[in-house]
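**Q** Right, I'll just put the structure down here and ask away after.
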There are 2 protein chains.
Amino acid sequence: MKTLQDIGEFGLIKKLAATIPRAGDDCAVLPGGGLLTCDPVIENTHYLPTTPPYRVGWKAMARNLSDIAAMAGQPRYAVVSIGIRPRTPVRYVTDLYRGLRAAAKKFNCEIVGGDTARVRGDQFVVVTLLGHADRPVLRSGARVGDSIFVTGRLGGSFRTGKHLTFTPRIREAQWLARHYRLHAMMDISDGLASDLHRLVESSRVGVEIFAAKIPGRLPGALTDGEDFELLFTVGPRDAAQLQKKFYEIGRVIRRPIVLLDGQPLPAKGYDHFLTR
Amino acid sequence: MKTLQDIGEFGLIKKLAATIPRAGDDCAVLPGGGLLTCDPVIENTHYLPTTPPYRVGWKAMARNLSDIAAMAGQPRYAVVSIGIRPRTPVRYVTDLYRGLRAAAKKFNCEIVGGDTARVRGDQFVVVTLLGHADRPVLRSGARVGDSIFVTGRLGGSFRTGKHLTFTPRIREAQWLARHYRLHAMMDISDGLASDLHRLVESSRVGVEIFAAKIPGRLPGALTDGEDFELLFTVGPRDAAQLQKKFYEIGRVIRRPIVLLDGQPLPAKGYDHFLTR
């Protein structure tokens, strides 16, 4: 019998996505421009028992805010579901909520409800966000000849603790959407290599990137994941203006492949289910 | 240091609710009538490792649909977050999704996205629903002199397996809201006794119920929980018309107390964190 370990997270998502017509972007896009997204953070997967609870809350909220940013959206309402062991100190949960609220408040998002339930083992926090974008930017809009940008340094997020303290790129995304014509955008959560493969698949194009232009040390910048920077593509005219603000790492090509310095780059990013 | 076990789920919710202005109903009510709710189901808390995955999916969706029903709302969109062990068969997950989809489809709700992540221990499914109600029915509207109704039999939900197969009372709630003036409504998820205490607290009234009128065997009908029937109150005129369709179990009184056959009834329902 095939297990998740055999087919991996992307294999599973592909299997399920066939039945979920709106899947495939960082958020589901609802009629009228509504954006809906939910992502879990799980103890011993996304954080450790020793991680300060404020930081767990911050990450749980910021991760989802990053998905709204990836659509150039504005977050509005959040609900929170937590699974928690009965012996957990009350203080842990109130600190976790402080972190959730701090991240939400920074982007004018309101926590409107949620639920708590008991777990025996690893604890978890699932945040769901409802947001809005007049013109959501999808992964599928990259065009041949586009320049590919990232908004910040990549790699080492676990080592440096950035994955617990990062600022989701909501403001950058809104600014970009206001002043430029974004063709495609997504956040880099599973590593640049893996996420570029998703972009390529969604947009039915290829990409060519250059090691010297990637802001961060290789191979971590390609595969560590949890960067929560944005990856976006724009046409040549916009690209010329954006080169001083963000990192231009390559361009969109016709051939359906991901090339690093001319060599095929495998999608060896983070996969929850594959054995590492 | 105080733990969750010391203050219980309701103690925790009270503590957190102080910071969440829209909390306190089955769903958060958004401007314009949007309804947002999310509830987890967790292995070994809400279902067993041996529970058929289709039923796990059904329950995870139906539980949340029941929250939308409790507001007399219409569910629209769902996102699903699952935490799953890497050695789980792919078939388990696709069957779980079949259950999710079957429950959603029955009430014209669309699954629009979600996320999967790895857990080491107990698995979980968190469904978030976005719905709508032109006039959401709150818990806070019960008036002195109202009759109290429940929509179906209570108790024994775990023993009989009802908690895995129940039909959320979406249609009943919508019919009631269309033809009658519902003053207050909620779903019975933690047991009638416990949920009556919440109604009393939200509406700042009291209630008096009668053992002989409760559809189900005592004490289970008061305390088992996971009934997912609706509890609602209406004025005397509507009550007279509804007595043949639903179960009238008592009435709303001024004194802020829950009485069963004239005796105070403690809130001994299901609490996730209190030691049982």
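Ordering of the structure tokens sets the chain letters (A, B, ...), residue numbers begin anew at 1 in every chain, and ligands are numbered from 1 in the order given.
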Considering only C-alpha atoms, tabulate each residue of chain A that lies at most 7 Å from chain B along with its nearest interatomic pair and the corresponding distance in Å to one decimal; arrange the rows by chain and ascending residue number and present them as CSV.
**A**
residue,atom,partner,partner_atom,distance
A:Met1,CA,B:Pro89,CA,6.4
A:Lys2,CA,B:Pro89,CA,5.5
A:Thr3,CA,B:Pro89,CA,3.9
A:Leu4,CA,B:Pro86,CA,5.2
A:Gln5,CA,B:Pro86,CA,5.1
A:Ile20,CA,B:Val112,CA,5.8
A:Pro21,CA,B:Val112,CA,6.8
A:Arg22,CA,B:Val112,CA,5.2
A:Ala23,CA,B:Gly113,CA,5.0
A:Ala28,CA,B:Val112,CA,5.8
A:Thr37,CA,B:Gly114,CA,6.8
A:Cys38,CA,B:Gly114,CA,6.0
A:Asp39,CA,B:Asp115,CA,5.9
A:Pro40,CA,B:Ser81,CA,6.7
A:Val79,CA,B:Cys38,CA,6.7
A:Ser81,CA,B:Asp39,CA,6.4
A:Pro86,CA,B:Gln5,CA,5.1
A:Arg87,CA,B:Thr3,CA,5.3
A:Thr88,CA,B:Thr3,CA,5.3
A:Pro89,CA,B:Thr3,CA,3.9
A:Val90,CA,B:Thr3,CA,5.0
A:Ile111,CA,B:Ile20,CA,6.4
A:Val112,CA,B:Arg22,CA,5.2
A:Gly113,CA,B:Ala23,CA,5.0
A:Gly114,CA,B:Cys38,CA,6.1
A:Asp115,CA,B:Asp39,CA,5.9
A:Ala117,CA,B:His272,CA,6.0
A:Arg118,CA,B:His272,CA,5.6
A:Gly121,CA,B:Gly121,CA,5.8
A:Asp122,CA,B:Gly121,CA,6.6
A:Thr128,CA,B:Thr128,CA,6.9
A:His272,CA,B:Arg118,CA,5.6
A:Phe273,CA,B:Pro86,CA,5.1
**Q** Save the residues we just selected, N, CA and C atoms, as a compact mmCIF listing (two decimals), in the first residue's frame?
**A**
# COMPACT_ATOMS: atom_id res chain seq x y z
N MET A 1 0.85 -1.20 0.00
CA MET A 1 0.00 0.00 0.00
C MET A 1 0.88 1.25 0.00
N LYS A 2 0.60 2.17 -0.89
CA LYS A 2 1.39 3.40 -0.97
C LYS A 2 1.12 4.30 0.23
N THR A 3 2.20 4.81 0.83
CA THR A 3 2.03 5.76 1.93
C THR A 3 2.42 7.15 1.44
N LEU A 4 2.16 8.15 2.29
CA LEU A 4 2.51 9.52 1.95
C LEU A 4 4.00 9.67 1.72
N GLN A 5 4.76 8.88 2.47
CA GLN A 5 6.21 8.89 2.31
C GLN A 5 6.63 8.52 0.88
N ILE A 20 -10.08 19.87 -6.18
CA ILE A 20 -10.26 21.19 -5.59
C ILE A 20 -9.93 22.24 -6.64
N PRO A 21 -10.96 22.68 -7.37
CA PRO A 21 -10.70 23.50 -8.55
C PRO A 21 -9.96 24.80 -8.26
N ARG A 22 -10.14 25.36 -7.05
CA ARG A 22 -9.49 26.65 -6.79
C ARG A 22 -8.10 26.51 -6.19
N ALA A 23 -7.66 25.29 -5.95
CA ALA A 23 -6.35 25.10 -5.32
C ALA A 23 -5.23 25.45 -6.29
N ALA A 28 -6.98 30.55 -1.79
CA ALA A 28 -8.10 30.34 -2.68
C ALA A 28 -8.68 31.71 -3.00
N THR A 37 -7.20 31.32 3.18
CA THR A 37 -6.03 30.45 3.29
C THR A 37 -5.91 29.91 4.70
N CYS A 38 -5.40 28.71 4.85
CA CYS A 38 -5.10 28.20 6.19
C CYS A 38 -3.90 27.29 6.17
N ASP A 39 -3.04 27.50 7.14
CA ASP A 39 -1.77 26.79 7.26
C ASP A 39 -1.54 26.44 8.71
N PRO A 40 -1.10 25.22 8.99
CA PRO A 40 -0.81 24.85 10.37
C PRO A 40 0.65 25.13 10.73
N VAL A 79 -9.32 33.33 12.14
CA VAL A 79 -9.77 32.42 13.19
C VAL A 79 -8.62 31.46 13.49
N SER A 81 -7.33 27.87 15.50
CA SER A 81 -7.66 26.60 16.14
C SER A 81 -6.38 26.07 16.77
N PRO A 86 -3.28 19.08 28.05
CA PRO A 86 -3.92 19.60 29.27
C PRO A 86 -2.94 20.15 30.31
N ARG A 87 -1.71 19.65 30.34
CA ARG A 87 -0.76 20.11 31.36
C ARG A 87 -0.01 21.37 30.96
N THR A 88 -0.35 21.91 29.81
CA THR A 88 0.32 23.14 29.37
C THR A 88 -0.08 24.30 30.28
N PRO A 89 0.90 25.12 30.71
CA PRO A 89 0.55 26.27 31.54
C PRO A 89 -0.37 27.25 30.79
N VAL A 90 -1.30 27.82 31.53
CA VAL A 90 -2.21 28.82 30.95
C VAL A 90 -1.38 29.94 30.32
N ILE A 111 -8.43 39.14 14.83
CA ILE A 111 -8.75 37.76 15.23
C ILE A 111 -10.19 37.74 15.73
N VAL A 112 -11.04 36.96 15.06
CA VAL A 112 -12.46 37.02 15.38
C VAL A 112 -13.00 35.77 16.06
N GLY A 113 -12.20 34.75 16.21
CA GLY A 113 -12.71 33.57 16.89
C GLY A 113 -11.77 32.40 16.78
N GLY A 114 -12.24 31.27 17.27
CA GLY A 114 -11.40 30.08 17.19
C GLY A 114 -11.88 29.02 18.15
N ASP A 115 -11.06 28.03 18.31
CA ASP A 115 -11.43 26.89 19.12
C ASP A 115 -10.16 26.26 19.70
N ALA A 117 -8.72 22.55 21.52
CA ALA A 117 -9.04 21.16 21.83
C ALA A 117 -7.79 20.50 22.37
N ARG A 118 -8.00 19.38 23.01
CA ARG A 118 -6.93 18.68 23.69
C ARG A 118 -6.16 17.76 22.76
N GLY A 121 -0.13 14.46 22.15
CA GLY A 121 1.26 14.59 21.73
C GLY A 121 1.61 16.01 21.32
N ASP A 122 2.13 16.13 20.11
CA ASP A 122 2.57 17.44 19.63
C ASP A 122 1.41 18.43 19.55
N THR A 128 -6.57 30.48 10.12
CA THR A 128 -7.22 30.68 8.83
C THR A 128 -7.42 32.18 8.64
N HIS A 272 7.25 17.72 3.30
CA HIS A 272 6.91 17.23 4.62
C HIS A 272 6.97 15.71 4.75
N PHE A 273 6.69 15.01 3.67
CA PHE A 273 6.47 13.58 3.82
C PHE A 273 7.62 12.71 3.32
**Q** Could you pull out the alpha helix (DSSP H) residues of stretch 81-233 of chain B, going by DSSP on the backbone, and write them as an MDAnalysis selection string?
**A** chainID B and resid 90:106 157:160 162:165 170:179 192:203 220:223
**Q** Could you dump the residues just selected with C-alpha atoms as an mmCIF file, in the first residue's frame?
**A**
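What follows is the written file part_35.cif:
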data_model
loop_
_atom_site.group_PDB
_atom_site.id
_atom_site.type_symbol
_atom_site.label_atom_id
_atom_site.label_comp_id
_atom_site.auth_asym_id
_atom_site.auth_seq_id
_atom_site.Cartn_x
_atom_site.Cartn_y
_atom_site.Cartn_z
ATOM 1 C CA VAL B 90 -2.424 7.606 0.547
ATOM 2 C CA ARG B 91 -5.769 5.850 0.381
ATOM 3 C CA TYR B 92 -6.539 6.986 3.940
ATOM 4 C CA VAL B 93 -6.187 10.619 2.909
ATOM 5 C CA THR B 94 -8.177 10.307 -0.301
ATOM 6 C CA ASP B 95 -10.969 8.527 1.623
ATOM 7 C CA LEU B 96 -10.893 11.249 4.270
ATOM 8 C CA TYR B 97 -11.286 13.836 1.506
ATOM 9 C CA ARG B 98 -14.215 11.871 0.062
ATOM 10 C CA GLY B 99 -15.937 12.252 3.431
ATOM 11 C CA LEU B 100 -15.124 15.951 3.592
ATOM 12 C CA ARG B 101 -16.460 16.521 0.097
ATOM 13 C CA ALA B 102 -19.620 14.469 0.628
ATOM 14 C CA ALA B 103 -20.634 16.499 3.687
ATOM 15 C CA ALA B 104 -19.756 19.805 2.007
ATOM 16 C CA LYS B 105 -21.567 18.970 -1.207
ATOM 17 C CA LYS B 106 -24.762 18.011 0.607
ATOM 18 C CA SER B 157 -23.520 10.077 20.407
ATOM 19 C CA PHE B 158 -20.172 8.339 20.976
ATOM 20 C CA ARG B 159 -21.739 5.005 21.912
ATOM 21 C CA THR B 160 -24.047 4.866 18.894
ATOM 22 C CA LYS B 162 -23.921 9.295 15.703
ATOM 23 C CA HIS B 163 -20.996 11.683 16.175
ATOM 24 C CA LEU B 164 -19.506 10.271 12.961
ATOM 25 C CA THR B 165 -22.637 10.176 10.826
ATOM 26 C CA ILE B 170 -28.559 23.472 8.188
ATOM 27 C CA ARG B 171 -31.915 22.892 6.479
ATOM 28 C CA GLU B 172 -33.901 22.916 9.728
ATOM 29 C CA ALA B 173 -32.226 26.146 10.801
ATOM 30 C CA GLN B 174 -32.849 27.874 7.501
ATOM 31 C CA TRP B 175 -36.471 26.754 7.499
ATOM 32 C CA LEU B 176 -36.924 27.993 11.068
ATOM 33 C CA ALA B 177 -35.322 31.351 10.275
ATOM 34 C CA ARG B 178 -37.507 31.770 7.210
ATOM 35 C CA HIS B 179 -40.814 31.044 8.935
ATOM 36 C CA LEU B 192 -27.181 20.155 26.920
ATOM 37 C CA ALA B 193 -26.306 21.035 30.537
ATOM 38 C CA SER B 194 -23.088 22.781 29.639
ATOM 39 C CA ASP B 195 -24.512 24.504 26.578
ATOM 40 C CA LEU B 196 -27.557 25.780 28.476
ATOM 41 C CA HIS B 197 -25.152 27.483 30.864
ATOM 42 C CA ARG B 198 -23.553 29.245 27.911
ATOM 43 C CA LEU B 199 -26.944 30.336 26.603
ATOM 44 C CA VAL B 200 -27.840 31.696 30.038
ATOM 45 C CA GLU B 201 -24.576 33.585 30.262
ATOM 46 C CA SER B 202 -24.807 35.054 26.756
ATOM 47 C CA SER B 203 -28.453 36.079 27.039
ATOM 48 C CA GLY B 220 -26.277 11.107 28.978
ATOM 49 C CA ALA B 221 -28.656 13.461 27.209
ATOM 50 C CA LEU B 222 -27.423 16.215 29.519
ATOM 51 C CA THR B 223 -23.712 15.554 29.499
#
**Q** As JSON, numbers by chain, please: every residue in stretch 127-174 of chain A that DSSP puts in strand (DSSP E or B).
**A** {"A": [127, 128, 129, 130, 131, 132, 147, 148, 149, 150]}
**Q** Atom CA of B:Ala60 and atom CA of B:Phe107, how far apart in Å?
**A**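 Computing it gives 14.3 Å between the two atoms.
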